[in-house]
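Q: One structure, pasted below without further comment.
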Amino acid sequence: MSLWKIAWRSIRQRGLASALTAVSMGLGVALVVAVLVVYAVVDQSFRRGGEGYDLIVGAKGGQLQLVLNTVYYLSQPIENIPYEYYQEFTTGRFALDVEAAVPVCMGHHYRDYRVVGTTPAMFEKLTYRDNRPYRFAQGENFKADAPFEAVIGATVAREAGMAPGSTFQAIHGVPEQGGKAHKQDFTVVGVLEPTGTPNDRAMFVNMEGFYQIHAKEHAAANAHHDKQGGEEEHHEGHEEHQGHDHAEHECEHGPGCQHHHHGKEITAILVCADLSKPGITEVLARQINKDTVAQAVVPVEVIAGLFEGIVGNVRLILLLLAVLVVVVAGLGILVSIYNSMSERRHEIAVMRALGASRLTVMLVILLEAILLSLAGGAIGVLLGHGLIGVLSPVIADQTGVMVSPMEFQALELLLIPGLVALASVVGYLPAMAAYRTDVAKSLTANP
Amino acid sequence: MLHLKGIQKSFHQPDGTRLPVLDIPAFDVDAGEQMVLVGQSGCGKTTLLHIIAGISRPDAGLVRIDDWEITLFSEAESDRFRAERIGYVFQTFNLLPGFSALENVLLAMRFAGRRPDKARAKQLLGRVGLDHRMTHRPTMLSVGEQQRVAVARALANRPKILLADEPTANVDSGHQQQVLDLVRATCAEENVALILVTHSPEVAEQFDRVDHLEQLNTVAVSR
């Protein structure tokens, strides 16, 4: 009969107290598991956005703003870059070093969703999350020669009740600041399968459609100006776009706009470098950054920096709190075993009288503490993952990240040695009490 | 086989003085011998058994069992020696409550550092008439049955000497003789020396050798 079995029998002997102690430990461990998994969910949903391409090329300015705007559809675009610069990646000096370059034009909305102007290559040449190709849950990709076709993300389709055949009008600018809807309808031709990326909450239209709309609106405005004459006409024409000063106008209207004095512009280019050439991403980024036109950022690096800087600290605090709960639960084990020592002193004395050494009875008590904490750990892991199983539909709904209750984090493996170490520490005091038991005195005392 | 010489033992008093309990110039028991130790309550019978078993250390004197002078042993050696060569039957049985009858016997083997011999444990329990109660926990056994398990457990490691501290005191009168016969018969079968402490004249009169601790113990005489 092993010492483990002896310890286990002793735990069973005090069933209710042991179970309550293990459950309190389990609650602490469940909290640790929940923090780890929630962090992983946030981490994935953060990082996944930047996967699928190697570089983002956009106007000079803040790297973070470029990434937030292009990857997460947050904040506002920095500025625009000329369409001709995009052509450097398709037919110009960078063409040989890239596998794909996809232009994106920001600055439009429909309800709360970003409307992104792009080309069909967005879903043909780019991938997401571990190189998965984009798939359509309904319909198909928009066509290059159909300027008013659109593809929408899974969340948009679900929340807005849209499907292939639905139409919408993109609002130019920020809706809260009184953006103006273009009169031209876009028709949804495809709904993406859920990707767990910000693309689920975006709408993608043929960039050509934007150019045509803006060309038409500028032509109409110019005709109006021509009728009235004068230098002021140009600006008045722009005032159709209500709620923006001129600076904003260039910024927010620029993407997708075909300004007669600037030519075609885009907000950013998503670049897949030719990875068969070692170090090509860095070379490309260096070359682009030397230009005065644009900057290139590696989205994964910027996201990692942002994530570690903000979310990493939050995780640390949550983890510390959770560990504190586990430690308190560990103290519960100490109290539980230590309180039982007075009634068990006689039992320990009997073991000693039968020949068990001091070390043996000490080990039995330590093993009890370890078994209790491991049982608590098992309860906690089951509880934590069970909770995740229950919450996974909500998490998927809110973040697009599918979390399986069977998805274990590597850090959870640290729980086992961690709990054993904790149990050894908290079990030491009662174990020493067992070690010091006065056999003769305890045997003669009433059991 | 068992030889005690010049054993002295005293205990601390709350007032800081020491209370002498034992002062035994000599005490011997032969191999396989069965004897009874009688004496008044508090005269040191249990203390003497503890000293023989190595549970307590005397203030002075030596205890030799066969060729081993156990008073020179370290505590760990003493524990091991007790597990291997000394059987102990307590007045209150002292079975471990979380374990079955069979497991209580196997535990004694485990603490002796031996591979638990299930066949021997079953044979011993069979010999004390408990072959149908082996998997029962102590709380599911009658008082008489518990004491029989305690006897089987004490003999598990084929000891040289069995110390029985009033083994029939808590057993009802109907079963007292049964337990006594069992202890004596199994000791005889295994050639184990038996030192049995009792208050009962009925028990004592069945033994050829009856020692009165008051006569062995000079402290008792002076008190």
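Chain labels follow the order of the structure tokens: the first chain is A, the next B, and so on; residue numbering restarts at 1 in every chain, and ligands are counted from 1 in their shown order.
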Would you give me, as a ChimeraX atom specification, the residues of chain A that come within 6 Å of chain B, using only C-alpha atoms?
A: /A:9,13,354-357
Q: Which residues in stretch 2-84 of chain B does DSSP call strand (DSSP E or B)? List them as number ranges by chain.
A: B: 2-12, 18-29, 34-38, 60-65, 68-69
Q: Which of these residues is nearest to B:Arg114, using only C-alpha atoms: B:Arg158, B:Arg127, B:His199, B:His136?
A: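 Smallest distance to B:Arg114 is found for B:Arg158.
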Q: DSSP on the backbone, then: every residue of stretch 183-383 of chain A marked alpha helix (DSSP H), written as a PyMOL selection string.
A: chain A and resi 207-228+233-238+246-248+280-290+299-306+312-353+358-383
Q: From the set A:Leu126, A:Met203, A:Val302, A:Val33, which residue has the shortest atom-to-atom contact distance to A:Arg114, counting only C-alpha atoms?
A: A:Met203
Q: Measuring atom to atom with only C-alpha atoms, identify which of B:Ala156, B:Val63, B:Val143, B:Cys187 is nearest to B:His175.
A: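 Using only C-alpha atoms, B:His175 sits closest to B:Val143.
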Q: Using only C-alpha atoms, which protein or nucleic acid residues come within 9 Å of B:Gly144? Drop anything in the same chain fewer than 6 positions from it, and give the result as a count of residues only.
A: 8
Q: Separation of atom CA of A:Met25 and atom CA of A:Arg344, in Å?
A: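 Atom CA of A:Arg344 lies at a distance of 22.9 Å from atom CA of A:Met25.
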Q: Identify which of the residues B:Gln40, B:Ala26, B:Val197, B:Asp181 lies closest to B:Glu166, counting only C-alpha atoms when measuring atom-to-atom distances.
A: B:Val197
Q: Just want the 9 Å neighbourhood of stretch 204-214 of chain A, counted on only C-alpha atoms, with same-chain residues fewer than 4 positions away dropped. Output as a ChimeraX atom specification.
A: /A:103-105,114-120,142-153,182-184,186-188,199,218-219,255-259,264
Q: Keeping only N, CA and C atoms, take the residues you just selected and write them out as a short mmCIF file (atom, residue, chain, number, x, y, z; two decimals), in the first residue's frame.
A:
data_model
loop_
_atom_site.label_atom_id
_atom_site.label_comp_id
_atom_site.auth_asym_id
_atom_site.auth_seq_id
_atom_site.Cartn_x
_atom_site.Cartn_y
_atom_site.Cartn_z
N PRO A 103 -5.00 47.19 -52.67
CA PRO A 103 -5.27 48.55 -52.18
C PRO A 103 -6.53 48.58 -51.33
N VAL A 104 -6.55 49.46 -50.34
CA VAL A 104 -7.78 49.66 -49.58
C VAL A 104 -8.05 51.16 -49.46
N CYS A 105 -9.34 51.48 -49.51
CA CYS A 105 -9.77 52.87 -49.41
C CYS A 105 -10.73 52.99 -48.25
N ARG A 114 -17.64 49.77 -41.11
CA ARG A 114 -16.75 50.41 -42.07
C ARG A 114 -17.03 49.87 -43.46
N VAL A 115 -17.04 50.74 -44.44
CA VAL A 115 -17.14 50.30 -45.83
C VAL A 115 -15.76 50.51 -46.45
N VAL A 116 -15.18 49.43 -46.89
CA VAL A 116 -13.80 49.46 -47.37
C VAL A 116 -13.80 49.26 -48.88
N GLY A 117 -13.20 50.20 -49.60
CA GLY A 117 -13.05 50.02 -51.04
C GLY A 117 -11.81 49.22 -51.32
N THR A 118 -11.92 48.22 -52.16
CA THR A 118 -10.74 47.38 -52.46
C THR A 118 -10.94 46.71 -53.82
N THR A 119 -10.14 45.69 -54.06
CA THR A 119 -10.29 44.95 -55.32
C THR A 119 -10.61 43.50 -54.98
N PRO A 120 -11.07 42.72 -55.97
CA PRO A 120 -11.40 41.32 -55.67
C PRO A 120 -10.20 40.54 -55.13
N PHE A 142 -17.02 39.90 -55.20
CA PHE A 142 -17.43 40.87 -56.22
C PHE A 142 -16.47 40.81 -57.39
N LYS A 143 -16.95 41.26 -58.54
CA LYS A 143 -16.13 41.16 -59.76
C LYS A 143 -15.47 42.51 -60.04
N ALA A 144 -14.31 42.43 -60.66
CA ALA A 144 -13.54 43.65 -60.95
C ALA A 144 -14.31 44.59 -61.87
N ASP A 145 -15.08 44.01 -62.79
CA ASP A 145 -15.78 44.86 -63.76
C ASP A 145 -17.20 45.20 -63.31
N ALA A 146 -17.53 44.91 -62.07
CA ALA A 146 -18.86 45.28 -61.54
C ALA A 146 -18.64 46.27 -60.41
N PRO A 147 -18.60 47.58 -60.70
CA PRO A 147 -18.15 48.57 -59.71
C PRO A 147 -19.06 48.71 -58.50
N PHE A 148 -20.30 48.30 -58.58
CA PHE A 148 -21.20 48.53 -57.44
C PHE A 148 -21.60 47.24 -56.72
N GLU A 149 -20.74 46.26 -56.82
CA GLU A 149 -20.96 45.02 -56.07
C GLU A 149 -20.20 45.09 -54.74
N ALA A 150 -20.70 44.34 -53.79
CA ALA A 150 -20.08 44.37 -52.45
C ALA A 150 -20.08 42.98 -51.81
N VAL A 151 -19.12 42.82 -50.89
CA VAL A 151 -19.05 41.59 -50.08
C VAL A 151 -19.11 42.05 -48.62
N ILE A 152 -19.86 41.32 -47.79
CA ILE A 152 -19.96 41.75 -46.40
C ILE A 152 -19.46 40.67 -45.44
N GLY A 153 -19.02 41.11 -44.27
CA GLY A 153 -18.54 40.18 -43.25
C GLY A 153 -19.71 39.46 -42.58
N HIS A 182 -23.89 58.52 -50.23
CA HIS A 182 -23.87 58.59 -51.70
C HIS A 182 -25.18 58.02 -52.19
N LYS A 183 -25.65 58.55 -53.28
CA LYS A 183 -26.97 58.10 -53.76
C LYS A 183 -26.88 56.76 -54.48
N GLN A 184 -25.69 56.37 -54.81
CA GLN A 184 -25.50 55.12 -55.55
C GLN A 184 -25.63 53.90 -54.61
N PHE A 186 -24.97 50.06 -53.51
CA PHE A 186 -24.09 48.90 -53.72
C PHE A 186 -24.93 47.65 -53.46
N THR A 187 -24.70 46.61 -54.24
CA THR A 187 -25.47 45.37 -54.07
C THR A 187 -24.56 44.29 -53.49
N VAL A 188 -25.04 43.69 -52.43
CA VAL A 188 -24.27 42.60 -51.80
C VAL A 188 -24.33 41.37 -52.71
N ASN A 199 -12.60 41.85 -40.01
CA ASN A 199 -13.29 41.81 -41.30
C ASN A 199 -14.74 41.33 -41.18
N HIS A 218 -18.21 64.92 -58.38
CA HIS A 218 -17.36 66.07 -58.69
C HIS A 218 -17.79 66.75 -59.97
N ALA A 219 -18.16 65.92 -60.94
CA ALA A 219 -18.60 66.49 -62.21
C ALA A 219 -19.84 67.35 -61.98
N PRO A 255 -9.82 59.01 -49.45
CA PRO A 255 -9.79 57.62 -49.87
C PRO A 255 -10.98 57.33 -50.77
N GLY A 256 -10.67 56.84 -51.89
CA GLY A 256 -11.75 56.51 -52.81
C GLY A 256 -12.19 57.70 -53.64
N CYS A 257 -11.76 58.88 -53.26
CA CYS A 257 -12.19 60.05 -54.02
C CYS A 257 -11.26 60.25 -55.22
N GLN A 258 -11.86 60.73 -56.24
CA GLN A 258 -11.02 61.06 -57.38
C GLN A 258 -10.98 62.57 -57.49
N HIS A 259 -10.05 63.19 -56.77
CA HIS A 259 -9.95 64.64 -56.82
C HIS A 259 -9.33 65.05 -58.14
N LYS A 264 -6.36 59.90 -58.65
CA LYS A 264 -6.87 58.81 -57.80
C LYS A 264 -5.98 58.62 -56.57
#
Q: Which value, in Å to one decimal, gives the distance between atom CA of A:Asn141 and atom CA of A:Met162?
A: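 Atom CA of A:Met162 lies 15.4 Å from atom CA of A:Asn141.
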Q: State, in Å with one decimal place, the distance from atom CA of B:Pro25 to atom CA of B:Asn217.
A: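 Between atom CA of B:Pro25 and atom CA of B:Asn217 the gap works out to 7.6 Å.
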Q: I need the residue nearest B:Met1 from this list: B:Pro58, B:Leu72, B:Leu37, B:Ala31. Use only C-alpha atoms for the distance.
A: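 Counting only C-alpha atoms, the residue closest to B:Met1 is B:Ala31.
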Q: Identify which of the residues A:Ala181, A:Ile365, A:Met106, A:Val327 lies closest to A:Ala202, counting only C-alpha atoms when measuring atom-to-atom distances.
A: A:Met106
Q: As an MDAnalysis selection string, please: the residues near B:Val183 (cut-off 12 Å, only C-alpha atoms, same-chain neighbours under 5 positions excluded).
A: chainID B and resid 34 87:89 124 127:128 147:155 161:168 176:178 188:196
Q: Give me, as a PyMOL selection string, all polymer residues having an atom no more than 10 Å from A:Gly139, counting only C-alpha atoms and skipping those fewer than 5 positions away in the same chain.
A: chain A and resi 151+163-165+188-192
